[in-house]
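Below is final00.tsv, holding TSV, C-alpha atoms and all ligand atoms.
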```tsv
chain	number	residue	atom	x	y	z
A	55	MET	CA	107.34	88.92	81.31
A	56	ARG	CA	109.88	86.19	82.09
A	57	LYS	CA	112.55	88.70	81.05
A	58	ILE	CA	111.32	91.26	83.60
A	59	ILE	CA	111.38	88.65	86.37
A	60	THR	CA	114.84	87.38	85.40
A	61	PHE	CA	116.03	90.98	85.34
A	62	TYR	CA	114.47	91.64	88.71
A	63	LEU	CA	116.01	88.57	90.32
A	64	SER	CA	119.49	89.43	89.08
A	65	ALA	CA	119.18	93.17	89.74
A	66	SER	CA	121.21	95.06	92.31
A	67	MET	CA	119.79	95.68	95.78
A	68	PHE	CA	119.18	99.31	94.75
A	69	LEU	CA	117.02	98.29	91.77
A	70	LYS	CA	115.21	95.66	93.81
A	71	LYS	CA	114.29	98.28	96.37
A	72	LEU	CA	113.10	100.59	93.62
A	73	LEU	CA	110.90	97.86	92.14
A	74	TRP	CA	109.62	96.89	95.59
A	75	ARG	CA	108.65	100.52	96.22
A	76	SER	CA	106.81	100.72	92.91
A	77	MET	CA	104.94	97.57	93.86
A	78	HIS	CA	103.96	99.16	97.17
A	79	ARG	CA	102.58	102.21	95.35
A	80	PHE	CA	100.64	99.93	93.04
A	81	ILE	CA	99.14	98.06	96.00
A	82	ILE	CA	98.10	101.32	97.67
A	83	ARG	CA	96.26	102.41	94.55
A	84	LYS	CA	94.61	99.09	93.76
A	85	TYR	CA	93.64	97.49	97.06
A	86	ASP	CA	91.34	98.95	99.61
A	87	GLY	CA	91.63	98.14	103.30
A	88	SER	CA	88.85	95.58	103.24
A	89	GLU	CA	91.06	93.20	101.25
A	90	LEU	CA	94.68	93.90	102.18
A	91	VAL	CA	96.14	95.45	105.34
A	92	PHE	CA	99.18	93.17	105.75
A	93	LEU	CA	102.29	92.80	103.61
A	94	ASN	CA	104.06	89.83	105.19
A	95	TYR	CA	104.54	86.09	104.60
A	96	GLY	CA	102.40	84.92	107.49
A	97	TYR	CA	102.72	82.33	110.27
A	98	GLU	CA	100.89	79.13	111.13
A	99	TYR	CA	101.05	77.39	114.50
A	100	LEU	CA	102.47	73.86	114.16
A	101	ASP	CA	101.49	72.52	117.55
A	102	SER	CA	98.18	70.72	117.04
A	103	LYS	CA	97.25	71.56	120.64
A	104	HIS	CA	97.59	75.29	120.01
A	105	GLU	CA	94.24	76.92	120.50
A	106	SER	CA	93.18	78.86	117.42
A	107	LEU	CA	93.24	82.65	117.95
A	108	LYS	CA	89.74	84.01	118.35
A	109	LEU	CA	89.41	86.82	115.83
A	110	GLU	CA	86.77	89.32	114.82
A	111	ALA	CA	85.15	88.39	111.49
A	112	ASN	CA	86.97	91.17	109.62
A	113	ASP	CA	90.36	89.89	110.77
A	114	GLU	CA	89.80	86.31	109.55
A	115	LYS	CA	90.75	86.75	105.90
A	116	GLU	CA	94.33	87.73	106.71
A	117	ARG	CA	94.65	85.34	109.65
A	118	TYR	CA	98.11	84.01	108.76
A	119	CYS	CA	99.64	87.49	108.37
A	120	LEU	CA	98.02	88.51	111.63
A	121	GLN	CA	99.36	85.38	113.36
A	122	LEU	CA	102.89	86.47	112.41
A	123	TYR	CA	102.30	89.61	114.49
A	124	HIS	CA	100.67	87.70	117.31
A	125	SER	CA	103.51	85.20	117.60
A	126	THR	CA	106.09	88.02	117.47
A	127	VAL	CA	104.61	90.04	120.34
A	128	ALA	CA	102.85	87.44	122.49
A	129	ASP	CA	105.71	86.92	124.99
A	130	VAL	CA	105.69	90.49	126.29
A	131	ALA	CA	102.80	92.22	128.08
A	132	LEU	CA	101.88	95.30	126.05
A	133	GLU	CA	98.82	96.41	128.02
A	134	ASN	CA	99.17	100.02	129.24
A	135	LYS	CA	102.53	100.36	127.47
A	136	ASP	CA	103.76	102.88	124.90
A	137	VAL	CA	104.54	100.96	121.74
A	138	LEU	CA	106.20	101.97	118.47
A	139	GLU	CA	106.09	99.91	115.31
A	140	VAL	CA	108.77	100.58	112.71
A	141	GLY	CA	107.83	99.64	109.13
A	142	CYS	CA	104.10	99.23	109.81
A	143	GLY	CA	103.11	98.93	106.13
A	144	ARG	CA	99.34	99.09	105.66
A	145	GLY	CA	98.73	99.06	109.40
A	146	GLY	CA	97.05	95.67	109.85
A	147	GLY	CA	99.45	94.62	112.62
A	148	ALA	CA	99.24	98.02	114.31
A	149	SER	CA	95.46	97.88	114.33
A	150	TYR	CA	95.41	94.26	115.55
A	151	ILE	CA	97.84	94.84	118.44
A	152	THR	CA	96.09	98.04	119.54
A	153	ARG	CA	92.66	96.42	119.56
A	154	TYR	CA	93.62	93.08	121.14
A	155	PHE	CA	96.61	93.90	123.39
A	156	LYS	CA	95.41	97.34	124.65
A	157	PRO	CA	98.62	99.40	124.85
A	158	THR	CA	98.21	102.99	126.09
A	159	SER	CA	99.56	104.27	122.79
A	160	TYR	CA	100.70	102.63	119.56
A	161	ILE	CA	102.50	104.59	116.86
A	162	GLY	CA	102.95	102.98	113.44
A	163	LEU	CA	105.88	104.49	111.55
A	164	ASP	CA	106.68	103.93	107.90
A	165	MET	CA	108.82	105.71	105.34
A	166	SER	CA	106.04	105.59	102.75
A	167	LYS	CA	103.92	108.72	102.70
A	168	ASP	CA	101.25	106.77	100.83
A	169	VAL	CA	100.79	104.08	103.47
A	170	ILE	CA	100.70	106.65	106.28
A	171	LYS	CA	97.96	108.52	104.43
A	172	PHE	CA	96.05	105.28	103.84
A	173	ASN	CA	96.46	104.08	107.44
A	174	THR	CA	95.41	107.37	109.02
A	175	LYS	CA	92.21	107.34	106.99
A	176	PHE	CA	91.46	103.62	107.27
A	177	HIS	CA	92.46	102.47	110.78
A	178	LYS	CA	90.42	104.45	113.29
A	179	VAL	CA	91.33	102.85	116.62
A	180	PRO	CA	91.62	104.74	119.94
A	181	GLY	CA	95.29	105.04	120.95
A	182	LEU	CA	96.59	104.27	117.45
A	183	SER	CA	98.33	106.84	115.26
A	184	PHE	CA	100.70	106.81	112.30
A	185	VAL	CA	103.74	108.88	111.36
A	186	GLU	CA	106.00	109.06	108.38
A	187	GLY	CA	109.65	108.48	109.25
A	188	ASN	CA	112.85	106.58	108.64
A	189	ALA	CA	113.86	103.53	110.68
A	190	GLN	CA	117.45	104.73	110.64
A	191	LYS	CA	116.66	108.12	112.17
A	192	LEU	CA	113.63	107.77	114.39
A	193	PRO	CA	111.81	111.07	115.02
A	194	PHE	CA	111.40	110.52	118.79
A	195	GLU	CA	113.06	111.58	122.04
A	196	ASP	CA	115.37	109.20	123.90
A	197	GLN	CA	113.58	106.58	126.04
A	198	SER	CA	110.08	107.20	124.65
A	199	PHE	CA	108.82	103.60	124.33
A	200	ASP	CA	108.34	100.43	126.36
A	201	ALA	CA	108.34	98.24	123.26
A	202	ILE	CA	109.22	98.41	119.57
A	203	VAL	CA	107.68	96.06	117.02
A	204	ASN	CA	109.48	95.39	113.73
A	205	VAL	CA	107.99	92.83	111.34
A	206	GLU	CA	109.44	91.99	107.93
A	207	SER	CA	110.76	95.45	107.28
A	208	SER	CA	114.40	95.54	108.36
A	209	ARG	CA	115.92	93.61	105.50
A	210	SER	CA	115.54	96.55	103.16
A	211	TYR	CA	117.21	99.10	105.48
A	212	ASN	CA	120.41	100.57	104.04
A	213	ASP	CA	121.99	100.80	107.47
A	214	MET	CA	120.84	98.11	109.89
A	215	ASP	CA	123.37	99.25	112.53
A	216	ALA	CA	121.80	102.72	112.54
A	217	PHE	CA	118.37	101.16	113.07
A	218	ILE	CA	119.58	99.04	115.99
A	219	SER	CA	121.24	102.07	117.63
A	220	GLU	CA	118.06	104.09	117.18
A	221	VAL	CA	115.97	101.29	118.72
A	222	HIS	CA	118.30	101.25	121.72
A	223	ARG	CA	118.10	105.05	122.03
A	224	VAL	CA	114.29	105.37	121.98
A	225	LEU	CA	113.59	102.32	124.18
A	226	ARG	CA	113.19	102.80	127.92
A	227	PRO	CA	115.40	100.72	130.23
A	228	ASN	CA	114.09	97.11	130.26
A	229	GLY	CA	112.05	97.89	127.13
A	230	HIS	CA	111.66	95.24	124.42
A	231	LEU	CA	112.35	94.96	120.73
A	232	LEU	CA	109.99	92.40	119.16
A	233	PHE	CA	111.54	91.51	115.85
A	234	ALA	CA	110.74	89.20	112.93
A	235	ASP	CA	112.44	89.00	109.55
A	236	ILE	CA	114.29	86.85	107.04
A	237	ARG	CA	118.06	86.41	106.95
A	238	THR	CA	120.61	83.87	105.81
A	239	GLU	CA	122.17	81.86	108.64
A	240	GLU	CA	125.35	83.92	108.34
A	241	GLU	CA	123.53	87.27	108.33
A	242	ASN	CA	121.66	86.19	111.42
A	243	GLU	CA	124.90	85.43	113.30
A	244	GLN	CA	126.01	89.01	112.63
A	245	LEU	CA	122.63	90.42	113.57
A	246	ARG	CA	122.59	88.62	116.92
A	247	GLU	CA	126.06	89.94	117.73
A	248	ARG	CA	125.05	93.47	116.77
A	249	PHE	CA	121.98	93.35	119.04
A	250	LYS	CA	124.15	92.21	121.93
A	251	SER	CA	126.88	94.77	121.28
A	252	VAL	CA	124.52	97.75	121.76
A	253	GLY	CA	123.04	96.31	124.95
A	254	LEU	CA	119.97	94.47	123.64
A	255	GLN	CA	119.90	91.11	125.41
A	256	VAL	CA	118.47	88.13	123.55
A	257	ARG	CA	115.58	86.78	125.64
A	258	LYS	CA	114.28	84.55	122.85
A	259	GLU	CA	115.42	83.61	119.35
A	260	VAL	CA	113.41	81.20	117.19
A	261	ASN	CA	113.72	79.96	113.65
A	262	ILE	CA	110.11	80.05	112.38
A	263	ILE	CA	110.72	79.10	108.75
A	264	GLN	CA	108.46	76.01	108.97
A	265	ASN	CA	105.64	78.12	110.36
A	266	VAL	CA	106.10	80.63	107.55
A	267	VAL	CA	106.27	78.08	104.71
A	268	ILE	CA	103.13	76.32	105.92
A	269	ALA	CA	101.33	79.66	106.22
A	270	LEU	CA	102.35	80.49	102.63
A	271	ASP	CA	100.99	77.11	101.50
A	272	LEU	CA	97.71	77.64	103.28
A	273	ASP	CA	97.38	81.25	102.09
A	274	SER	CA	98.52	80.66	98.53
A	275	GLU	CA	95.07	80.49	96.95
A	276	ARG	CA	93.98	83.80	98.50
A	277	ARG	CA	97.20	85.49	97.37
A	278	CYS	CA	96.84	84.19	93.80
A	279	GLU	CA	93.17	85.24	93.68
A	280	LEU	CA	94.04	88.79	94.78
A	281	ILE	CA	96.77	89.00	92.15
A	282	LYS	CA	94.43	87.73	89.42
A	283	LYS	CA	91.70	90.14	90.42
A	284	LYS	CA	93.78	93.32	90.55
A	285	THR	CA	96.98	92.93	88.56
A	286	PRO	CA	97.29	93.12	84.75
A	287	LYS	CA	98.18	89.67	83.42
A	288	MET	CA	101.63	90.72	82.23
A	289	PHE	CA	102.59	91.60	85.82
A	290	HIS	CA	101.35	88.39	87.46
A	291	GLY	CA	104.87	86.93	87.67
A	292	LEU	CA	106.26	89.99	89.40
A	293	ALA	CA	103.28	90.18	91.76
A	294	GLU	CA	103.76	86.48	92.61
A	295	GLU	CA	107.42	87.19	93.42
A	296	PHE	CA	106.35	90.09	95.65
A	297	SER	CA	103.72	87.99	97.36
A	298	SER	CA	105.98	84.87	97.58
A	299	THR	CA	103.42	82.46	96.20
A	300	LYS	CA	104.50	78.86	95.60
A	301	GLU	CA	105.91	79.70	92.15
A	302	SER	CA	108.24	82.43	93.45
A	303	GLN	CA	111.98	82.31	93.93
A	304	ARG	CA	111.61	83.46	97.54
A	305	TYR	CA	109.35	80.48	98.30
A	306	ALA	CA	112.01	78.18	96.80
A	307	GLU	CA	114.69	79.85	98.97
A	308	PHE	CA	112.57	79.21	102.06
A	309	ALA	CA	111.92	75.61	101.09
A	310	ASP	CA	115.60	74.81	100.38
A	311	GLY	CA	116.90	76.54	103.50
A	312	THR	CA	118.82	79.40	101.78
A	313	MET	CA	116.66	81.90	103.61
A	314	ILE	CA	115.54	81.51	107.20
A	315	TYR	CA	112.96	83.46	109.15
A	316	PHE	CA	113.92	84.61	112.65
A	317	GLN	CA	111.86	85.93	115.49
A	318	TYR	CA	113.56	87.67	118.40
A	319	VAL	CA	112.52	89.04	121.77
A	320	LEU	CA	115.26	91.45	122.89
A	321	GLN	CA	115.46	93.50	126.04
A	322	LYS	CA	117.34	96.72	126.70
A	323	GLU	CA	119.66	96.43	129.69
A	324	GLU	CA	118.75	98.63	132.63
B	1	LIG	C1	107.14	94.04	103.60
B	1	LIG	S1	106.44	95.49	104.28
B	1	LIG	C2	105.86	94.87	105.83
B	1	LIG	C3	104.82	95.76	106.41
B	1	LIG	C4	104.21	95.28	107.74
B	1	LIG	N1	105.21	95.18	108.77
B	1	LIG	C5	103.48	93.97	107.59
B	1	LIG	O1	103.98	92.95	108.09
B	1	LIG	O2	102.40	93.97	106.97
B	1	LIG	C6	107.85	96.48	104.76
B	1	LIG	C7	107.52	97.91	105.17
B	1	LIG	O3	108.72	98.51	105.67
B	1	LIG	C8	108.74	99.87	105.23
B	1	LIG	N2	110.14	100.35	105.24
B	1	LIG	C9	111.17	99.93	104.48
B	1	LIG	N3	112.29	100.63	104.75
B	1	LIG	C10	111.96	101.53	105.73
B	1	LIG	C11	112.69	102.52	106.45
B	1	LIG	N4	113.98	102.75	106.21
B	1	LIG	N5	112.03	103.24	107.38
B	1	LIG	C12	110.71	103.02	107.64
B	1	LIG	N6	109.96	102.09	106.98
B	1	LIG	C13	110.58	101.34	106.05
B	1	LIG	C14	108.16	99.80	103.82
B	1	LIG	O4	107.71	101.07	103.39
B	1	LIG	C15	107.05	98.78	104.01
B	1	LIG	O5	105.83	99.39	104.32
```
Could you express the structure from this file as structure tokens?
Amino acid sequence: MRKIITFYLSASMFLKKLLWRSMHRFIIRKYDGSELVFLNYGYEYLDSKHESLKLEANDEKERYCLQLYHSTVADVALENKDVLEVGCGRGGGASYITRYFKPTSYIGLDMSKDVIKFNTKFHKVPGLSFVEGNAQKLPFEDQSFDAIVNVESSRSYNDMDAFISEVHRVLRPNGHLLFADIRTEEENEQLRERFKSVGLQVRKEVNIIQNVVIALDLDSERRCELIKKKTPKMFHGLAEEFSSTKESQRYAEFADGTMIYFQYVLQKEE
């Protein structure tokens, strides 16, 4: 198994993406919606005065993953707005935002046919729908949305510039992109410049790596339990890498500062 992990860590981006996709397929087959509707690292509030989010009982078990969504969108009013999420994964964030923030419509888009099938069957929420599509060529008319949500999906896009141009195209004037993902410091400099160059103004930019590492610490036991329960023993190492438990290389990269997690609120110029 060590050999597979070493191979994975040294593999090209293309192979990594291939392995990541296989892992997604595996998750779709193995986990039902009652145990896993988020695929992100999570977020914990560090301010001791922060009032704990009041959640429905069913939302509690994936609280940290859900808090990543909450903290990403909380600065912009989404009520009565048309919202698109790009890279919605298993739809946990889409369902949470639709139920708690009450947009008029919320479309969750993902390139995986399997997750769209799963989401459409599992998340029955008024106003919420799911479509298969590619972040780099969004299947929507110009100026269709007031806000676009993008959580921990963009790093695997082949053409980030195409995604940013598409976001700009389908957003209405003054619309928002609510973005969260990992980057190196240098990659983030480029990203910020790219946002600005297409006319997306930075209203907020925060480094949330501490929030993410603490969430991973607090959520580690649950993640390990899920892996033990559903994954054959020989694949535990790979699943831990995917899930970024404390033993993973990604966790080490977060802890030593190689990788940083950024949250942005961007606004399309009028
Ligand atoms: C790590 S998961 C995060 C899912 C979700 N945002 C969450 O936080 O639970 C990344 C998702 O992005 C999707 N994705 C990756 N590349 C994509 C692309 N080019 N177009 C649309 N979706 C994409 C993947 O299929 C996957 O479901």
Which residues of segment 68-120 of chain A come within 10 Å of segment 283-286 of chain A, and for each one, what is the closest pair of atoms and their distance in Å to one decimal, counting all atoms listed in the file, sorted by chain and residue number, as a tab-separated table?
```
residue	atom	partner	partner_atom	distance
A:Phe80	CA	A:Thr285	CA	9.1
A:Ile81	CA	A:Lys284	CA	9.0
A:Lys84	CA	A:Lys284	CA	6.7
A:Tyr85	CA	A:Lys284	CA	7.7
```
| field | 8 Å shell around ligand LIG 1 (chain B) using all atoms listed in the file, listed as number ranges by chain | value | A: 75, 78, 91-95, 119, 122-123, 140-147, 163-166, 169, 186-190, 204-212
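Nearest to Ala201 of chain A of all the residues A:Leu138, A:Val260, A:Leu320, A:Ala269 is A:Leu138, counting all atoms listed in the file.
Using all atoms listed in the file, the smallest distance between any of A:Leu280, A:Phe316, A:Asp273, A:Arg226 and Leu245 of chain A comes from A:Phe316.
Interatomic distance, atom CA of Glu275 of chain A to atom CA of Thr299 of chain A: 8.6 Å.
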| What does the distance between atom CA of Ser219 of chain A and atom CA of Ser76 of chain A come to in Å, to one decimal place? | 28.7 Å
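A search radius of 12 Å centred on (92.2, 96.6, 120.3), applied to only C-alpha atoms, returns the residues Leu109, Glu110, Asp113, Leu132, Glu133, Asn134, Gly146, Gly147, Ala148, Ser149, Tyr150, Ile151, Thr152, Arg153, Tyr154, Phe155, Lys156, Pro157, Thr158, Ser159, Tyr160, His177, Lys178, Val179, Pro180, Gly181 and Leu182 of chain A.
Among A:Lys135, A:Leu292, A:Ile82, A:Glu243, the residue with the shortest atom-to-atom distance to Asn173 of chain A, counting all atoms listed in the file, is A:Ile82.
The coordinates place atom CA of His290 of chain A at 27.0 Å from atom CA of Thr238 of chain A.
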As a CSV table (one decimal) with C-alpha atoms, keeping the file's coordinate frame, please: the residues near Asp196 of chain A (cut-off 12 Å, only C-alpha atoms, same-chain neighbours under 4 positions excluded).
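The resulting file, result39.csv, is shown below:
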```
chain,number,residue,atom,x,y,z
A,191,LYS,CA,116.7,108.1,112.2
A,192,LEU,CA,113.6,107.8,114.4
A,200,ASP,CA,108.3,100.4,126.4
A,219,SER,CA,121.2,102.1,117.6
A,220,GLU,CA,118.1,104.1,117.2
A,221,VAL,CA,116.0,101.3,118.7
A,222,HIS,CA,118.3,101.2,121.7
A,223,ARG,CA,118.1,105.0,122.0
A,224,VAL,CA,114.3,105.4,122.0
A,225,LEU,CA,113.6,102.3,124.2
A,226,ARG,CA,113.2,102.8,127.9
A,227,PRO,CA,115.4,100.7,130.2
```
| said: Please list as a count of residues only every residue within 7 Å of Asn228 of chain A, counting all atoms listed in the file and excluding residues in the same chain fewer than 6 positions away. | reply: 4
| Leaving out Val127 of chain A and any residue of its chain fewer than 6 positions from it, which residues lie within 9 Å of it when counting all atoms listed in the file, given as a ChimeraX atom specification? | /A:151,203,232-233,319
| query | Which one is closest to Thr312 of chain A: A:Val256, A:Ile281, A:Ile236, A:Val266? Count all atoms listed in the file. | reply | A:Ile236
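For Arg83 of chain A, the set of protein, DNA and RNA residues having any atom at most 10 Å away, when counting all atoms listed in the file and skipping those fewer than 4 positions along the same chain, is Met77, His78, Arg79, Asp168 and Phe172 of chain A.
You can rank A:Gln264, A:Leu270, A:Asp215, A:Ser183 by their closest distance to Glu247 of chain A using all atoms listed in the file, and at the top of that list sits A:Asp215.
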| query | Is there a way to get, as a list in words, all residues within 6 Å of the point (92.3, 93.1, 105.6) in file coordinates, counting only C-alpha atoms? | reply | Gly87, Ser88, Glu89, Leu90, Val91 and Glu116 of chain A
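The nearest approach to Asp271 of chain A among the residues A:Gln197, A:Gly96, A:Glu105, A:Gly311, with only C-alpha atoms taken into account, belongs to A:Gly96.
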